[in-house]
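Visitor: Have a look at the structure that comes next, please.
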Amino acid sequence: NAGVTQTPKFRILKIGQSMTLQCTQDMNHNYMYWYRQDPGMGLKLIYYSVGAGITDKGEVPNGYNVSRSTTEDFPLRLELAAPSQTSVYFCASRQTASNQPQHFGDGTRLSIL
Amino acid sequence: QKEVEQNSGPLSVPEGAIASLNCTYSDRGSQSFFWYRQYSGKSPELIMSIYSNGDKEDGRFTAQLNKASQYVSLLIRDSQPSDSATYLCAVGGGSQGNLIFGKGTKLSVKP
């Protein structure tokens, strides 16, 4: 099992460019999450999904969009990259049963210059 | 605003000692509690979960939960240099079970 796979691992963008961060999981988890982590800070929830076709905003959704067309995939889209979006992005997933832990991908390190 | 508080550290302990990491949370309705370990430049890795008051032991790790005091802790016995990492406390609850993360405590185990 690969678990949660994120691509790319690193990316440099120019201000105003757009990109999609990919996340896929092979554990048949319904719940999926996108977080950002800034230096010295905890994980901040951007968006989450409880199943295909269902997404909802987290704590810091501005500047991002998501979609969930399949159980496996949960891409995160940046439409107009800004320097404030420089961060490490983590995707996570968990089983549907309540109180289950989240399992994380390896992350995408994104710099916007 | 639901909050999870951790001492940012760094917490420095000698090899072989007990490391004690603490976490407090604001939401009394929280139902699940997790400790994640994060090495520098890596992703968070689940090391312990606890759901009811008391202690839960797994190898060198013991998680302790006191819901009345809204307090959860992680003890690492016989600390090793390989335990040097940032430890994230995460608290879950609510209808979606989303997690709130603390900022993490950086642990340094000196040989």
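Labels used: A, B, ... for chains in the order of the structure tokens, numbers from 1 for residues in each chain, and numbers from 1 for ligands as shown.
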Can you build me a table of chain B residues sitting at most 6 Å from chain A, with the closest atom pair per residue and its distance in Å to one decimal, using only C-alpha atoms, sorted by chain and residue number, as JSON lines?
Guide:
```
{"residue": "B:Ser32", "atom": "CA", "partner": "A:Asn99", "partner_atom": "CA", "distance": 5.6}
{"residue": "B:Ser43", "atom": "CA", "partner": "A:Asp106", "partner_atom": "CA", "distance": 5.2}
{"residue": "B:Phe101", "atom": "CA", "partner": "A:Gly42", "partner_atom": "CA", "distance": 5.8}
{"residue": "B:Gly102", "atom": "CA", "partner": "A:Gly42", "partner_atom": "CA", "distance": 5.5}
{"residue": "B:Lys103", "atom": "CA", "partner": "A:Gly42", "partner_atom": "CA", "distance": 3.8}
```
Visitor: Near range 74-84 of chain A, within 9 Å and counting only C-alpha atoms, which residues show up once chain neighbours fewer than 5 positions away are dropped, as a PyMOL selection string?
Guide: chain A and resi 13-25+32-34+47-49+52+63-69+91+111-113
Visitor: Mind checking DSSP for range 27-105 of chain A and telling me the strand (DSSP E) residues as a JSON list (two decimals) with N, CA, C and O atoms, in the first residue's frame?
Guide:
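Output (selection_9.json):
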```json
[["chain", "number", "residue", "atom", "x", "y", "z"],
["A", 31, "TYR", "N", -12.77, 10.26, 4.17],
["A", 31, "TYR", "CA", -12.40, 11.58, 4.67],
["A", 31, "TYR", "C", -11.00, 11.95, 4.19],
["A", 31, "TYR", "O", -10.04, 11.19, 4.36],
["A", 32, "MET", "N", -10.89, 13.14, 3.61],
["A", 32, "MET", "CA", -9.60, 13.66, 3.17],
["A", 32, "MET", "C", -9.46, 15.12, 3.55],
["A", 32, "MET", "O", -10.47, 15.84, 3.66],
["A", 33, "TYR", "N", -8.21, 15.56, 3.73],
["A", 33, "TYR", "CA", -7.93, 16.89, 4.28],
["A", 33, "TYR", "C", -6.74, 17.52, 3.57],
["A", 33, "TYR", "O", -5.82, 16.83, 3.15],
["A", 34, "TRP", "N", -6.76, 18.85, 3.52],
["A", 34, "TRP", "CA", -5.59, 19.62, 3.12],
["A", 34, "TRP", "C", -5.23, 20.58, 4.24],
["A", 34, "TRP", "O", -6.08, 21.32, 4.75],
["A", 35, "TYR", "N", -3.92, 20.55, 4.62],
["A", 35, "TYR", "CA", -3.39, 21.44, 5.63],
["A", 35, "TYR", "C", -2.23, 22.22, 5.03],
["A", 35, "TYR", "O", -1.56, 21.77, 4.12],
["A", 36, "ARG", "N", -1.95, 23.35, 5.64],
["A", 36, "ARG", "CA", -0.70, 24.05, 5.40],
["A", 36, "ARG", "C", 0.03, 24.20, 6.74],
["A", 36, "ARG", "O", -0.59, 24.30, 7.80],
["A", 37, "GLN", "N", 1.36, 24.17, 6.65],
["A", 37, "GLN", "CA", 2.17, 24.30, 7.85],
["A", 37, "GLN", "C", 3.25, 25.34, 7.60],
["A", 37, "GLN", "O", 4.12, 25.15, 6.76],
["A", 43, "LEU", "N", -0.47, 22.80, 12.21],
["A", 43, "LEU", "CA", -1.16, 22.55, 10.95],
["A", 43, "LEU", "C", -2.48, 23.30, 10.91],
["A", 43, "LEU", "O", -3.27, 23.23, 11.86],
["A", 44, "LYS", "N", -2.70, 24.01, 9.83],
["A", 44, "LYS", "CA", -3.94, 24.76, 9.65],
["A", 44, "LYS", "C", -4.77, 24.08, 8.55],
["A", 44, "LYS", "O", -4.27, 23.86, 7.45],
["A", 45, "LEU", "N", -6.03, 23.81, 8.84],
["A", 45, "LEU", "CA", -6.90, 23.13, 7.90],
["A", 45, "LEU", "C", -7.39, 24.09, 6.81],
["A", 45, "LEU", "O", -7.95, 25.14, 7.12],
["A", 46, "ILE", "N", -7.17, 23.70, 5.55],
["A", 46, "ILE", "CA", -7.58, 24.54, 4.42],
["A", 46, "ILE", "C", -8.97, 24.12, 3.94],
["A", 46, "ILE", "O", -9.90, 24.92, 3.89],
["A", 47, "TYR", "N", -9.09, 22.87, 3.53],
["A", 47, "TYR", "CA", -10.35, 22.29, 3.07],
["A", 47, "TYR", "C", -10.37, 20.83, 3.51],
["A", 47, "TYR", "O", -9.33, 20.22, 3.72],
["A", 48, "TYR", "N", -11.59, 20.28, 3.57],
["A", 48, "TYR", "CA", -11.72, 18.87, 3.81],
["A", 48, "TYR", "C", -12.90, 18.32, 3.02],
["A", 48, "TYR", "O", -13.72, 19.06, 2.49],
["A", 49, "SER", "N", -12.94, 16.99, 2.95],
["A", 49, "SER", "CA", -13.99, 16.31, 2.19],
["A", 49, "SER", "C", -14.39, 15.05, 2.93],
["A", 49, "SER", "O", -13.54, 14.32, 3.43],
["A", 50, "VAL", "N", -15.69, 14.79, 3.00],
["A", 50, "VAL", "CA", -16.18, 13.60, 3.68],
["A", 50, "VAL", "C", -16.59, 12.51, 2.69],
["A", 50, "VAL", "O", -17.07, 11.45, 3.10],
["A", 51, "GLY", "N", -16.39, 12.79, 1.42],
["A", 51, "GLY", "CA", -16.69, 11.78, 0.41],
["A", 51, "GLY", "C", -16.72, 12.42, -0.97],
["A", 51, "GLY", "O", -16.68, 13.65, -1.09],
["A", 54, "ILE", "N", -18.34, 15.95, -2.06],
["A", 54, "ILE", "CA", -18.64, 16.74, -0.86],
["A", 54, "ILE", "C", -17.36, 17.37, -0.33],
["A", 54, "ILE", "O", -16.42, 16.65, 0.05],
["A", 55, "THR", "N", -17.32, 18.71, -0.32],
["A", 55, "THR", "CA", -16.17, 19.40, 0.23],
["A", 55, "THR", "C", -16.65, 20.53, 1.14],
["A", 55, "THR", "O", -17.79, 20.99, 1.01],
["A", 56, "ASP", "N", -15.77, 20.97, 2.03],
["A", 56, "ASP", "CA", -16.14, 22.06, 2.93],
["A", 56, "ASP", "C", -14.88, 22.81, 3.34],
["A", 56, "ASP", "O", -13.77, 22.27, 3.30],
["A", 57, "LYS", "N", -15.08, 24.09, 3.70],
["A", 57, "LYS", "CA", -13.97, 24.95, 4.08],
["A", 57, "LYS", "C", -13.48, 24.62, 5.48],
["A", 57, "LYS", "O", -14.25, 24.26, 6.36],
["A", 64, "TYR", "N", -7.69, 29.31, -2.17],
["A", 64, "TYR", "CA", -7.60, 27.90, -2.56],
["A", 64, "TYR", "C", -8.96, 27.38, -3.02],
["A", 64, "TYR", "O", -10.00, 27.90, -2.61],
["A", 65, "ASN", "N", -8.91, 26.34, -3.85],
["A", 65, "ASN", "CA", -10.12, 25.63, -4.22],
["A", 65, "ASN", "C", -9.83, 24.14, -4.26],
["A", 65, "ASN", "O", -8.68, 23.72, -4.48],
["A", 66, "VAL", "N", -10.87, 23.34, -4.05],
["A", 66, "VAL", "CA", -10.72, 21.89, -4.10],
["A", 66, "VAL", "C", -11.87, 21.28, -4.88],
["A", 66, "VAL", "O", -12.89, 21.92, -5.12],
["A", 76, "LEU", "N", -5.81, 20.11, -4.73],
["A", 76, "LEU", "CA", -5.91, 21.47, -4.18],
["A", 76, "LEU", "C", -5.41, 22.44, -5.24],
["A", 76, "LEU", "O", -4.31, 22.30, -5.75],
["A", 77, "ARG", "N", -6.20, 23.44, -5.54],
["A", 77, "ARG", "CA", -5.88, 24.39, -6.61],
["A", 77, "ARG", "C", -5.58, 25.76, -6.03],
["A", 77, "ARG", "O", -6.34, 26.27, -5.19],
["A", 78, "LEU", "N", -4.46, 26.34, -6.50],
["A", 78, "LEU", "CA", -4.13, 27.74, -6.22],
["A", 78, "LEU", "C", -4.33, 28.50, -7.52],
["A", 78, "LEU", "O", -3.67, 28.19, -8.52],
["A", 87, "SER", "N", 4.50, 27.84, 1.73],
["A", 87, "SER", "CA", 4.25, 26.98, 2.88],
["A", 87, "SER", "C", 4.54, 25.53, 2.50],
["A", 87, "SER", "O", 4.90, 25.22, 1.36],
["A", 88, "VAL", "N", 4.40, 24.66, 3.48],
["A", 88, "VAL", "CA", 4.41, 23.22, 3.21],
["A", 88, "VAL", "C", 2.98, 22.72, 3.32],
["A", 88, "VAL", "O", 2.29, 23.01, 4.31],
["A", 89, "TYR", "N", 2.54, 22.01, 2.29],
["A", 89, "TYR", "CA", 1.15, 21.55, 2.23],
["A", 89, "TYR", "C", 1.11, 20.04, 2.45],
["A", 89, "TYR", "O", 1.83, 19.28, 1.81],
["A", 90, "PHE", "N", 0.23, 19.65, 3.36],
["A", 90, "PHE", "CA", 0.05, 18.23, 3.65],
["A", 90, "PHE", "C", -1.38, 17.81, 3.34],
["A", 90, "PHE", "O", -2.34, 18.50, 3.70],
["A", 91, "CYS", "N", -1.49, 16.65, 2.73],
["A", 91, "CYS", "CA", -2.78, 16.00, 2.51],
["A", 91, "CYS", "C", -2.88, 14.84, 3.50],
["A", 91, "CYS", "O", -1.87, 14.19, 3.82],
["A", 92, "ALA", "N", -4.08, 14.59, 4.01],
["A", 92, "ALA", "CA", -4.28, 13.50, 4.96],
["A", 92, "ALA", "C", -5.61, 12.82, 4.66],
["A", 92, "ALA", "O", -6.49, 13.40, 4.03],
["A", 93, "SER", "N", -5.74, 11.61, 5.15],
["A", 93, "SER", "CA", -7.00, 10.89, 5.00],
["A", 93, "SER", "C", -7.25, 10.05, 6.24],
["A", 93, "SER", "O", -6.33, 9.77, 7.02],
["A", 94, "ARG", "N", -8.51, 9.65, 6.42],
["A", 94, "ARG", "CA", -8.83, 8.78, 7.55],
["A", 94, "ARG", "C", -10.07, 7.95, 7.22],
["A", 94, "ARG", "O", -10.82, 8.27, 6.31],
["A", 103, "HIS", "N", -3.94, 10.06, 8.51],
["A", 103, "HIS", "CA", -2.65, 9.62, 8.00],
["A", 103, "HIS", "C", -2.21, 10.58, 6.92],
["A", 103, "HIS", "O", -2.98, 10.90, 6.01],
["A", 104, "PHE", "N", -0.95, 10.99, 6.99],
["A", 104, "PHE", "CA", -0.46, 12.09, 6.17],
["A", 104, "PHE", "C", 0.40, 11.62, 5.00],
["A", 104, "PHE", "O", 1.12, 10.63, 5.09]]
```
Visitor: From the options B:Glu15, B:Leu74, B:Ser69, B:Phe34, which residue's atoms come nearest to Lys110 in chain B, counting only C-alpha atoms?
Guide: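 Under the stated criterion, the closest residue is B:Glu15.
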Visitor: For range 48-65 of chain B, list every protein, DNA or RNA residue within 8 Å, evaluated using only C-alpha atoms, and leave out those in the same chain fewer than 6 positions away; present the list as a list of chain:residue names.
Guide: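 Within the cut-off, the hits are A:Pro101, B:Gln31, B:Ser32, B:Phe33, B:Phe34, B:Trp35, B:Tyr36, B:Tyr71, B:Val72, B:Ser73, B:Leu74, B:Leu75, B:Ile76, B:Arg77, B:Asp78.
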Visitor: Limited to C-alpha atoms, could you put the picked residues into a file as a compact mmCIF listing (two decimals), in the first residue's frame?
Guide:
```txt
# COMPACT_ATOMS: atom_id res chain seq x y z
CA PRO A 101 -6.61 9.12 13.25
CA GLN B 31 -13.48 13.03 22.02
CA SER B 32 -10.22 11.91 20.46
CA PHE B 33 -6.62 12.79 21.21
CA PHE B 34 -3.52 12.04 19.19
CA TRP B 35 0.21 12.52 19.39
CA TYR B 36 2.13 12.87 16.15
CA TYR B 71 -5.10 17.95 29.65
CA VAL B 72 -3.25 15.30 27.68
CA SER B 73 0.38 14.33 27.98
CA LEU B 74 2.96 12.07 26.39
CA LEU B 75 5.74 10.40 28.33
CA ILE B 76 8.73 8.94 26.52
CA ARG B 77 10.75 6.57 28.68
CA ASP B 78 14.43 5.77 28.03
```
Visitor: Measuring between only C-alpha atoms, which one of B:Ala68, B:Leu11, B:Ile18, B:Leu99 shows the shortest distance to Ala85 in chain B?
Guide: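 Among the listed residues, B:Leu11 lies closest to Ala85 in chain B.
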Visitor: Between CA of Phe10 in chain A and CA of Asp83 in chain B, measure the distance and give it in Å to one decimal.
Guide: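 These atoms are spaced 26.4 Å apart.
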Visitor: In Å, with one decimal, what is the gap from CA of Leu107 in chain B to CA of Gln85 in chain A?
Guide: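 One can read the CA of Leu107 in chain B to CA of Gln85 in chain A distance as 27.8 Å.
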Visitor: Could you check the closest approach to Leu21 in chain B for each of B:Cys89, B:Lys67, B:Val109, B:Ile100 and tell me which residue wins, using only C-alpha atoms?
Guide: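 Closest to Leu21 in chain B of all the choices is B:Cys89.
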Visitor: What does the distance from CA of Ser12 in chain B to CA of Tyr39 in chain B come to in Å, to one decimal?
Guide: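 These two atoms are separated by 15.6 Å.
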